$ cat input-v6.pdb   # PDB, C-alpha atoms
ATOM      1  CA  MET A 202     -10.253  -0.361  -4.611
ATOM      2  CA  THR A 203     -11.223  -1.929  -1.300
ATOM      3  CA  ALA A 204     -14.646  -1.631   0.302
ATOM      4  CA  ALA A 205     -13.219   0.944   2.713
ATOM      5  CA  SER A 206     -11.932   3.240  -0.042
ATOM      6  CA  VAL A 207     -13.462   6.061  -2.057
ATOM      7  CA  PRO A 208     -12.816   7.332  -5.591
ATOM      8  CA  VAL A 209      -9.855   9.637  -6.199
ATOM      9  CA  SER A 210     -10.511  12.639  -8.424
ATOM     10  CA  ARG A 211      -8.145  15.168  -9.957
ATOM     11  CA  ARG A 212      -8.139  18.936 -10.156
ATOM     12  CA  TYR A 213      -5.872  21.984 -10.405
ATOM     13  CA  VAL A 214      -5.302  24.961  -8.145
ATOM     14  CA  ASP A 215      -3.184  28.061  -8.663
ATOM     15  CA  GLY A 216       0.093  28.509  -6.823
ATOM     16  CA  ARG A 217       3.070  30.831  -6.863
ATOM     17  CA  PHE A 218       4.755  28.779  -9.618
ATOM     18  CA  GLY A 219       1.642  28.260 -11.741
ATOM     19  CA  GLN A 220      -0.939  25.504 -11.700
ATOM     20  CA  ILE A 221      -0.621  22.642  -9.216
ATOM     21  CA  HIS A 222      -2.192  19.299 -10.045
ATOM     22  CA  LEU A 223      -3.899  17.424  -7.205
ATOM     23  CA  ARG A 224      -5.341  14.000  -6.499
ATOM     24  CA  VAL A 225      -8.223  14.403  -4.073
ATOM     25  CA  ALA A 226     -10.291  11.878  -2.121
ATOM     26  CA  GLY A 227     -12.832  12.381   0.626
ATOM     27  CA  PRO A 228     -16.166  11.311   2.080
ATOM     28  CA  VAL A 229     -19.205  11.893  -0.091
ATOM     29  CA  ARG A 230     -22.676  12.881   1.094
ATOM     30  CA  GLU A 231     -25.586  12.971  -1.323
ATOM     31  CA  ASN A 232     -23.176  12.810  -4.284
ATOM     32  CA  GLU A 233     -21.294  15.907  -3.105
ATOM     33  CA  PRO A 234     -17.859  16.002  -1.440
ATOM     34  CA  THR A 235     -18.029  16.428   2.300
ATOM     35  CA  PRO A 236     -16.543  19.739   3.517
ATOM     36  CA  PRO A 237     -13.082  19.244   5.093
ATOM     37  CA  SER A 238     -14.311  19.933   8.620
ATOM     38  CA  ALA A 239     -17.572  17.983   8.473
ATOM     39  CA  THR A 240     -16.128  14.669   9.694
ATOM     40  CA  GLY A 241     -14.261  16.288  12.571
ATOM     41  CA  LEU A 242     -10.948  14.940  11.209
ATOM     42  CA  LEU A 243      -8.247  17.189   9.788
ATOM     43  CA  PRO A 244      -7.371  16.886   6.096
ATOM     44  CA  LEU A 245      -4.274  14.887   5.193
ATOM     45  CA  LEU A 246      -1.820  16.329   2.656
ATOM     46  CA  CYS A 247       0.567  13.841   1.020
ATOM     47  CA  PHE A 248       3.880  14.870  -0.564
ATOM     48  CA  HIS A 249       5.673  12.510  -2.959
ATOM     49  CA  MET A 250       9.266  11.436  -3.519
ATOM     50  CA  SER A 251      11.451  12.621  -6.410
ATOM     51  CA  PRO A 252      11.169  12.339  -9.358
ATOM     52  CA  ASN A 253       7.695  10.812  -9.069
ATOM     53  CA  CYS A 254       4.349  12.547  -8.520
ATOM     54  CA  GLY A 255       1.227  12.283  -6.390
ATOM     55  CA  ARG A 256       0.340   9.052  -8.202
ATOM     56  CA  ILE A 257       2.296   7.136  -5.528
ATOM     57  CA  TYR A 258      -0.498   8.005  -3.069
ATOM     58  CA  GLU A 259      -3.450   7.163  -5.305
ATOM     59  CA  THR A 260      -4.299   3.858  -3.605
ATOM     60  CA  ILE A 261      -3.858   4.967  -0.007
ATOM     61  CA  ALA A 262      -5.574   8.303  -0.725
ATOM     62  CA  GLY A 263      -8.698   6.347  -1.548
ATOM     63  CA  ALA A 264      -8.402   4.471   1.744
ATOM     64  CA  MET A 265      -7.655   7.519   3.895
ATOM     65  CA  GLY A 266     -10.302   9.531   2.057
ATOM     66  CA  ALA A 267     -13.048   7.307   3.440
ATOM     67  CA  ASP A 268     -13.274   9.474   6.565
ATOM     68  CA  ARG A 269     -11.288  12.666   5.828
ATOM     69  CA  LEU A 270     -10.166  14.849   2.967
ATOM     70  CA  CYS A 271      -6.934  13.477   1.493
ATOM     71  CA  VAL A 272      -4.940  15.541  -1.018
ATOM     72  CA  ALA A 273      -1.844  14.438  -2.930
ATOM     73  CA  PRO A 274      -0.336  17.314  -4.957
ATOM     74  CA  ASP A 275       2.212  16.970  -7.718
ATOM     75  CA  THR A 276       5.175  19.010  -6.492
ATOM     76  CA  PRO A 277       5.892  21.960  -8.833
ATOM     77  CA  GLY A 278       7.866  20.659 -11.796
ATOM     78  CA  PHE A 279       6.674  17.068 -11.404
ATOM     79  CA  GLY A 280       3.659  15.205 -12.711
ATOM     80  CA  GLU A 281       1.184  17.666 -14.188
ATOM     81  CA  SER A 282       2.225  20.689 -12.096
ATOM     82  CA  ASP A 283       3.909  23.730 -13.631
ATOM     83  CA  PRO A 284       7.627  24.069 -12.823
ATOM     84  CA  PRO A 285       9.328  26.898 -10.930
ATOM     85  CA  PRO A 286      11.407  29.261 -13.064
ATOM     86  CA  SER A 287      14.642  27.949 -11.533
ATOM     87  CA  ALA A 288      15.858  25.145  -9.304
ATOM     88  CA  PRO A 289      13.944  25.414  -5.992
ATOM     89  CA  ALA A 290      14.875  24.619  -2.406
ATOM     90  CA  ILE A 291      12.806  22.347  -0.173
ATOM     91  CA  GLU A 292      11.465  25.495   1.474
ATOM     92  CA  ASP A 293      10.084  26.569  -1.930
ATOM     93  CA  TYR A 294       8.229  23.285  -2.273
ATOM     94  CA  ALA A 295       6.817  23.789   1.231
ATOM     95  CA  ALA A 296       5.664  27.296   0.315
ATOM     96  CA  ALA A 297       3.888  25.877  -2.737
ATOM     97  CA  MET A 298       2.056  23.436  -0.459
ATOM     98  CA  ILE A 299       0.842  26.407   1.609
ATOM     99  CA  ASP A 300      -0.597  27.725  -1.664
ATOM    100  CA  VAL A 301      -2.483  24.432  -1.993
ATOM    101  CA  MET A 302      -3.859  24.767   1.522
ATOM    102  CA  ASP A 303      -4.943  28.340   0.862
ATOM    103  CA  ALA A 304      -6.606  27.423  -2.432
ATOM    104  CA  LEU A 305      -8.559  24.605  -0.751
ATOM    105  CA  GLU A 306      -9.341  26.766   2.304
ATOM    106  CA  ILE A 307      -7.540  24.343   4.617
ATOM    107  CA  GLU A 308      -6.496  26.176   7.760
ATOM    108  CA  ARG A 309      -4.774  23.241   9.458
ATOM    109  CA  ALA A 310      -3.838  19.758   8.329
ATOM    110  CA  ASP A 311      -1.837  16.639   8.996
ATOM    111  CA  VAL A 312       0.946  15.963   6.496
ATOM    112  CA  MET A 313       2.528  12.822   5.070
ATOM    113  CA  GLY A 314       5.739  12.681   3.083
ATOM    114  CA  TYR A 315       7.837  10.142   1.209
ATOM    115  CA  HIS A 316      11.630  10.693   0.950
ATOM    116  CA  THR A 317      11.879  14.206  -0.591
ATOM    117  CA  GLY A 318       8.286  14.720   0.518
ATOM    118  CA  SER A 319       9.327  14.000   4.107
ATOM    119  CA  GLU A 320      11.687  16.951   3.960
ATOM    120  CA  THR A 321       8.888  19.091   2.549
ATOM    121  CA  CYS A 322       6.754  18.090   5.550
ATOM    122  CA  VAL A 323       9.481  19.181   7.954
ATOM    123  CA  ALA A 324      10.028  22.483   6.138
ATOM    124  CA  LEU A 325       6.284  23.169   6.142
ATOM    125  CA  ALA A 326       5.969  22.342   9.842
ATOM    126  CA  LEU A 327       8.762  24.802  10.631
ATOM    127  CA  ALA A 328       7.556  27.559   8.299
ATOM    128  CA  ALA A 329       3.900  27.416   9.354
ATOM    129  CA  PRO A 330       3.676  25.487  12.641
ATOM    130  CA  GLU A 331       0.160  26.709  13.311
ATOM    131  CA  ARG A 332      -1.034  24.992  10.121
ATOM    132  CA  VAL A 333       0.532  21.560  10.659
ATOM    133  CA  ARG A 334      -0.675  19.288  13.463
ATOM    134  CA  LYS A 335       1.118  15.938  12.940
ATOM    135  CA  LEU A 336       3.678  14.535  10.504
ATOM    136  CA  VAL A 337       3.926  11.035   9.017
ATOM    137  CA  LEU A 338       7.231  10.532   7.216
ATOM    138  CA  THR A 339       8.239   7.614   5.019
ATOM    139  CA  SER A 340      11.944   7.835   5.779
ATOM    140  CA  ALA A 341      13.714  10.750   7.455
ATOM    141  CA  PRO A 342      17.010  10.621   5.573
ATOM    142  CA  ILE A 343      20.090  12.051   7.243
ATOM    143  CA  PHE A 344      23.267  11.930   5.157
ATOM    144  CA  THR A 345      26.941  12.265   5.952
ATOM    145  CA  ASP A 346      29.046  14.692   3.924
ATOM    146  CA  GLU A 347      30.717  11.745   2.191
ATOM    147  CA  GLU A 348      27.368  10.220   1.240
ATOM    148  CA  LEU A 349      26.128  13.510  -0.156
ATOM    149  CA  VAL A 350      29.029  13.594  -2.616
ATOM    150  CA  TRP A 351      27.921  10.241  -4.038
ATOM    151  CA  PHE A 352      24.200  11.030  -3.999
ATOM    152  CA  ARG A 353      24.634  14.376  -5.747
ATOM    153  CA  ASP A 354      26.701  12.743  -8.463
ATOM    154  CA  HIS A 355      24.433   9.723  -8.873
ATOM    155  CA  TYR A 356      21.192  11.738  -8.935
ATOM    156  CA  GLY A 357      22.403  14.724 -10.927
ATOM    157  CA  LYS A 358      21.080  15.902 -14.281
ATOM    158  CA  PRO A 359      20.647  12.782 -16.456
ATOM    159  CA  GLU A 360      22.522  12.339 -19.691
ATOM    160  CA  LEU A 361      20.213  11.285 -22.507
ATOM    161  CA  SER A 362      21.402   8.512 -24.819
ATOM    162  CA  ALA A 363      20.441   8.088 -28.452
ATOM    163  CA  ASP A 364      19.768   4.374 -27.971
ATOM    164  CA  GLY A 365      17.572   4.866 -24.905
ATOM    165  CA  SER A 366      19.979   3.098 -22.571
ATOM    166  CA  HIS A 367      19.401   5.821 -19.968
ATOM    167  CA  VAL A 368      15.778   4.685 -19.795
ATOM    168  CA  ALA A 369      16.796   1.057 -19.317
ATOM    169  CA  GLU A 370      19.228   2.072 -16.574
ATOM    170  CA  LYS A 371      16.517   3.936 -14.690
ATOM    171  CA  TRP A 372      14.132   0.992 -15.133
ATOM    172  CA  ARG A 373      16.705  -1.365 -13.631
ATOM    173  CA  GLY A 374      17.142   1.034 -10.728
ATOM    174  CA  PHE A 375      13.396   1.011 -10.060
ATOM    175  CA  LEU A 376      13.332  -2.783 -10.081
ATOM    176  CA  THR A 377      16.382  -3.016  -7.821
ATOM    177  CA  TRP A 378      14.572  -1.192  -5.023
ATOM    178  CA  ALA A 379      11.070  -2.550  -5.625
ATOM    179  CA  GLY A 380       9.791  -3.912  -2.328
ATOM    180  CA  PRO A 381       8.328  -7.371  -1.754
ATOM    181  CA  GLY A 382       5.171  -7.850  -3.791
ATOM    182  CA  TRP A 383       5.694  -4.770  -5.949
ATOM    183  CA  THR A 384       5.710  -6.352  -9.403
ATOM    184  CA  LYS A 385       7.039  -5.096 -12.719
ATOM    185  CA  GLU A 386       3.460  -4.213 -13.564
ATOM    186  CA  HIS A 387       3.191  -2.063 -10.416
ATOM    187  CA  VAL A 388       6.501  -0.362 -11.188
ATOM    188  CA  ALA A 389       5.452   0.344 -14.782
ATOM    189  CA  VAL A 390       2.455   2.387 -13.621
ATOM    190  CA  GLN A 391       4.733   4.895 -11.898
ATOM    191  CA  PHE A 392       7.883   4.581 -13.984
ATOM    192  CA  ALA A 393       6.825   7.007 -16.711
ATOM    193  CA  ASP A 394       6.517   9.802 -14.131
ATOM    194  CA  ALA A 395      10.258   9.555 -13.483
ATOM    195  CA  LEU A 396      11.047  10.127 -17.168
ATOM    196  CA  ARG A 397       9.278  13.470 -17.497
ATOM    197  CA  ARG A 398      11.249  16.670 -18.046
ATOM    198  CA  PRO A 399      14.803  15.275 -17.765
ATOM    199  CA  ASP A 400      16.058  18.852 -17.966
ATOM    200  CA  ILE A 401      14.571  19.569 -14.517
ATOM    201  CA  SER A 402      13.673  16.164 -13.057
ATOM    202  CA  TRP A 403      16.855  16.239 -10.958
ATOM    203  CA  TRP A 404      15.798  19.436  -9.152
ATOM    204  CA  GLY A 405      13.905  17.502  -6.486
ATOM    205  CA  HIS A 406      16.935  15.442  -5.548
ATOM    206  CA  ALA A 407      19.187  18.504  -5.616
ATOM    207  CA  ALA A 408      16.845  20.258  -3.195
ATOM    208  CA  ALA A 409      16.675  17.186  -0.966
ATOM    209  CA  PHE A 410      20.450  16.840  -0.733
ATOM    210  CA  ALA A 411      20.789  20.533   0.153
ATOM    211  CA  PHE A 412      18.275  20.284   3.014
ATOM    212  CA  PRO A 413      19.935  19.583   6.404
ATOM    213  CA  MET A 414      17.316  17.112   7.625
ATOM    214  CA  GLY A 415      19.235  16.174  10.758
ATOM    215  CA  GLU A 416      19.368  19.760  11.938
ATOM    216  CA  LYS A 417      15.881  20.751  10.810
ATOM    217  CA  ILE A 418      14.007  17.831  12.348
ATOM    218  CA  LYS A 419      15.384  18.748  15.784
ATOM    219  CA  HIS A 420      13.275  21.905  15.785
ATOM    220  CA  VAL A 421       9.932  20.344  14.870
ATOM    221  CA  THR A 422       7.672  20.384  17.923
ATOM    222  CA  GLN A 423       4.697  18.577  16.389
ATOM    223  CA  PRO A 424       4.326  14.798  16.844
ATOM    224  CA  ILE A 425       6.167  12.789  14.181
ATOM    225  CA  LEU A 426       5.754   9.180  13.102
ATOM    226  CA  VAL A 427       8.590   7.949  10.886
ATOM    227  CA  LEU A 428       7.762   4.848   8.846
ATOM    228  CA  ASN A 429      11.009   3.099   7.956
ATOM    229  CA  PRO A 430      10.523   0.405   5.300
ATOM    230  CA  ASN A 431      13.434  -1.688   4.099
ATOM    231  CA  ASP A 432      14.376   0.543   1.176
ATOM    232  CA  ASP A 433      17.403   2.518   0.015
ATOM    233  CA  LEU A 434      17.176   4.974   2.936
ATOM    234  CA  VAL A 435      16.584   2.548   5.808
ATOM    235  CA  GLU A 436      19.961   3.125   7.487
ATOM    236  CA  HIS A 437      19.981   6.870   6.814
ATOM    237  CA  THR A 438      16.585   7.106   8.507
ATOM    238  CA  ARG A 439      17.706   5.338  11.687
ATOM    239  CA  ARG A 440      19.993   8.306  12.334
ATOM    240  CA  ALA A 441      16.903  10.376  13.148
ATOM    241  CA  ASP A 442      16.388   8.328  16.300
ATOM    242  CA  GLY A 443      17.025  10.586  19.297
ATOM    243  CA  LEU A 444      16.959  13.799  17.253
ATOM    244  CA  MET A 445      13.199  14.358  17.302
ATOM    245  CA  GLN A 446      11.577  16.255  20.164
ATOM    246  CA  ASN A 447       8.313  14.375  19.845
ATOM    247  CA  GLY A 448       8.707  11.512  17.425
ATOM    248  CA  ARG A 449       9.357   7.830  16.982
ATOM    249  CA  ILE A 450      10.527   5.472  14.248
ATOM    250  CA  GLU A 451       8.430   2.475  13.197
ATOM    251  CA  ASP A 452      10.733  -0.030  11.482
ATOM    252  CA  LEU A 453       8.963  -2.008   8.739
ATOM    253  CA  PRO A 454      11.526  -4.630   7.671
ATOM    254  CA  ASP A 455       9.051  -6.637   5.587
ATOM    255  CA  TRP A 456       7.945  -3.631   3.525
ATOM    256  CA  GLY A 457       9.769  -1.721   0.814
ATOM    257  CA  HIS A 458       9.061   0.665  -2.039
ATOM    258  CA  GLY A 459       5.502   0.144  -3.182
ATOM    259  CA  TYR A 460       4.154  -0.609   0.278
ATOM    260  CA  LEU A 461       1.451   2.019  -0.152
ATOM    261  CA  ASP A 462       0.036  -0.160  -2.947
ATOM    262  CA  ILE A 463       0.836  -3.610  -1.539
ATOM    263  CA  HIS A 464       0.000  -3.020   2.134
ATOM    264  CA  THR A 465      -2.589  -0.281   1.715
ATOM    265  CA  GLU A 466      -4.948  -1.319   4.501
ATOM    266  CA  ALA A 467      -2.169  -1.983   7.007
ATOM    267  CA  ALA A 468      -0.436   1.283   6.130
ATOM    268  CA  ALA A 469      -3.687   3.227   6.423
ATOM    269  CA  ALA A 470      -4.312   1.631   9.822
ATOM    270  CA  LEU A 471      -0.853   2.696  11.026
ATOM    271  CA  VAL A 472      -1.373   6.246   9.808
ATOM    272  CA  ARG A 473      -4.893   6.477  11.259
ATOM    273  CA  ALA A 474      -3.803   5.144  14.652
ATOM    274  CA  PHE A 475      -1.181   7.883  14.849
ATOM    275  CA  LEU A 476      -3.253  10.738  13.466
ATOM    276  CA  ASP A 477      -6.393   9.925  15.432
ATOM    277  CA  GLY A 478      -4.642   9.006  18.679
ATOM    278  CA  ASP A 479      -4.599  10.985  21.896
ATOM    279  CA  GLN A 480      -1.634  13.212  21.061
ATOM    280  CA  PRO A 481      -2.779  16.701  20.032
TER
END

$ encode --input "input-v6.pdb" --output "structure tokens"
Amino acid sequence: MTAASVPVSRRYVDGRFGQIHLRVAGPVRENEPTPPSATGLLPLLCFHMSPNCGRIYETIAGAMGADRLCVAPDTPGFGESDPPPSAPAIEDYAAAMIDVMDALEIERADVMGYHTGSETCVALALAAPERVRKLVLTSAPIFTDEELVWFRDHYGKPELSADGSHVAEKWRGFLTWAGPGWTKEHVAVQFADALRRPDISWWGHAAAFAFPMGEKIKHVTQPILVLNPNDDLVEHTRRADGLMQNGRIEDLPDWGHGYLDIHTEAAAALVRAFLDGDQP
């Protein structure tokens, strides 16, 4: 934890699909959390990729929480959050994030997403535009029909093996896309989250591949910053260029998966510069 960061705590709130687990960081005054509006900065809600959980934001939440409320929920069905009764759409995940805002009495917020979480940001901005001011997206993936065939097959319901080889295969996949500086030890901290509930862990990807990001992002009127690290969706994200009404892509060729942990201060500075800039 850097000098500019604050502790991250955990709590639950109730949502339409059951309990939602949150990681929460924010300024502290006299040993009590500062109310969301006290600093004059909007809260930041952070939505994770599939099939991980809000743990991916734990380091940067501490950094961003130094001057604003920062909340990283576990999407329903992931981490410690209760699952929906059936496979959800991205719009269902967005609705669950409105439940989080209501439970925390957050009227308006900035949002940050990572892969599947980026689509949740877009869906939330379209469903409740009065409650979302700005969007920060790690990747804005736009797929061709041919690519979707491969992705749906590759990220479908996993087959469990008696010898555990399915676990080793997933581990190798994590290491393949680990960005510069993200060590095996870093990967191991988050890897277990991807092994939870194999019966439903593929729901997040299924929802993501059913969400027409290219069409949806065209209708978002709020300012968007797309962070495009050199990961598995770098080329798919470049297709968003020219589609956004009020957005830009920041290519980050020297960063990859894990950049929130490895380049925390630089990433927080990028996000702050965008969120606290002159655009409304």

$ residues_around --input "input-v6.pdb" --residues "stretch 300-310 of chain A" --least-positions-apart "3" --cutoff "7 Å" --atoms "only C-alpha atoms" --output "ChimeraX atom specification"
/A:214,216,243-246,296-297,332-334

$ resolve_selection --input "input-v6.pdb" --expression "the PyMOL selection byres ((chain A and resi 204-212) around 8)" --output "MDAnalysis selection string"
chainID A and resid 202:203 213:214 222:228 259 262:267

$ resolve_selection --input "input-v6.pdb" --expression "the PyMOL selection byres ((chain A and resi 338) around 6)" --output "ChimeraX atom specification"
/A:313-314,319,337,339-340,427-428

$ closest_residue --input "input-v6.pdb" --among "A:Thr384, A:Ser402, A:Gln220, A:Asn253" --to "A:Pro289" --atoms "all atoms listed in the file"
A:Ser402

$ residues_near_point --input "input-v6.pdb" --point "(14.8, 17.1, 11.7)" --cutoff "9 Å" --atoms "all atoms listed in the file" --output "compact mmCIF listing (two decimals) with C-alpha atoms, keeping the file's coordinate frame"
# COMPACT_ATOMS: atom_id res chain seq x y z
CA GLU A 320 11.69 16.95 3.96
CA VAL A 323 9.48 19.18 7.95
CA ALA A 341 13.71 10.75 7.46
CA ILE A 343 20.09 12.05 7.24
CA PRO A 413 19.93 19.58 6.40
CA MET A 414 17.32 17.11 7.62
CA GLY A 415 19.24 16.17 10.76
CA GLU A 416 19.37 19.76 11.94
CA LYS A 417 15.88 20.75 10.81
CA ILE A 418 14.01 17.83 12.35
CA LYS A 419 15.38 18.75 15.78
CA HIS A 420 13.28 21.90 15.78
CA VAL A 421 9.93 20.34 14.87
CA ALA A 441 16.90 10.38 13.15
CA LEU A 444 16.96 13.80 17.25
CA MET A 445 13.20 14.36 17.30

$ closest_residue --input "input-v6.pdb" --among "A:Phe279, A:Phe412, A:Tyr460, A:Phe352" --to "A:Asp394" --atoms "only C-alpha atoms"
A:Phe279

$ residues_around --input "input-v6.pdb" --residues "stretch 386-392 of chain A" --least-positions-apart "6" --cutoff "10 Å" --atoms "all atoms listed in the file" --output "PyMOL selection string"
chain A and resi 252-257+368+371-372+375-376+379+458-459+462-463

$ atom_distance --input "input-v6.pdb" --atom1 "atom CA of A:Thr276" --atom2 "atom CA of A:Pro454"
28.3 Å

$ atom_distance --input "input-v6.pdb" --atom1 "atom CA of A:Val272" --atom2 "atom CA of A:Cys247"
6.1 Å

$ closest_residue --input "input-v6.pdb" --among "A:Tyr258, A:Asn447, A:Asp452, A:Thr422" --to "A:Glu331" --atoms "all atoms listed in the file"
A:Thr422

$ resolve_selection --input "input-v6.pdb" --expression "the PyMOL selection byres ((chain A and resi 336) around 7)" --output "MDAnalysis selection string"
chainID A and resid 311:313 322 335 337:338 424:426

$ closest_residue --input "input-v6.pdb" --among "A:Phe410, A:Leu270, A:Pro430, A:Arg217" --to "A:Glu347" --atoms "all atoms listed in the file"
A:Phe410

$ atom_distance --input "input-v6.pdb" --atom1 "atom CA of A:Ser282" --atom2 "atom CA of A:Gly380"
27.5 Å

$ build_atoms --input "input-v6.pdb" --residues "stretch 357-368 of chain A" --atoms "N, CA and C atoms" --output "mmCIF file, keeping the file's coordinate frame"
data_model
loop_
_atom_site.group_PDB
_atom_site.id
_atom_site.type_symbol
_atom_site.label_atom_id
_atom_site.label_comp_id
_atom_site.auth_asym_id
_atom_site.auth_seq_id
_atom_site.Cartn_x
_atom_site.Cartn_y
_atom_site.Cartn_z
ATOM 1 N N GLY A 357 22.300 13.437 -10.250
ATOM 2 C CA GLY A 357 22.403 14.724 -10.927
ATOM 3 C C GLY A 357 21.602 14.732 -12.220
ATOM 4 N N LYS A 358 21.798 15.774 -13.015
ATOM 5 C CA LYS A 358 21.080 15.902 -14.281
ATOM 6 C C LYS A 358 21.399 14.711 -15.174
ATOM 7 N N PRO A 359 20.387 13.984 -15.661
ATOM 8 C CA PRO A 359 20.647 12.782 -16.456
ATOM 9 C C PRO A 359 21.187 13.115 -17.837
ATOM 10 N N GLU A 360 22.039 12.232 -18.328
ATOM 11 C CA GLU A 360 22.522 12.339 -19.691
ATOM 12 C C GLU A 360 21.655 11.448 -20.571
ATOM 13 N N LEU A 361 21.103 12.023 -21.620
ATOM 14 C CA LEU A 361 20.213 11.285 -22.507
ATOM 15 C C LEU A 361 21.018 10.564 -23.585
ATOM 16 N N SER A 362 20.696 9.309 -23.828
ATOM 17 C CA SER A 362 21.402 8.512 -24.819
ATOM 18 C C SER A 362 20.536 8.323 -26.052
ATOM 19 N N ALA A 363 21.179 8.260 -27.209
ATOM 20 C CA ALA A 363 20.441 8.088 -28.452
ATOM 21 C C ALA A 363 19.758 6.726 -28.524
ATOM 22 N N ASP A 364 20.338 5.723 -27.897
ATOM 23 C CA ASP A 364 19.768 4.374 -27.971
ATOM 24 C C ASP A 364 18.791 4.074 -26.836
ATOM 25 N N GLY A 365 18.525 5.066 -25.986
ATOM 26 C CA GLY A 365 17.572 4.866 -24.905
ATOM 27 C C GLY A 365 18.107 4.092 -23.727
ATOM 28 N N SER A 366 19.409 3.883 -23.670
ATOM 29 C CA SER A 366 19.979 3.098 -22.571
ATOM 30 C C SER A 366 19.787 3.792 -21.228
ATOM 31 N N HIS A 367 19.648 5.120 -21.225
ATOM 32 C CA HIS A 367 19.401 5.821 -19.968
ATOM 33 C C HIS A 367 18.046 5.438 -19.385
ATOM 34 N N VAL A 368 17.093 5.126 -20.261
ATOM 35 C CA VAL A 368 15.778 4.685 -19.795
ATOM 36 C C VAL A 368 15.884 3.298 -19.176
#
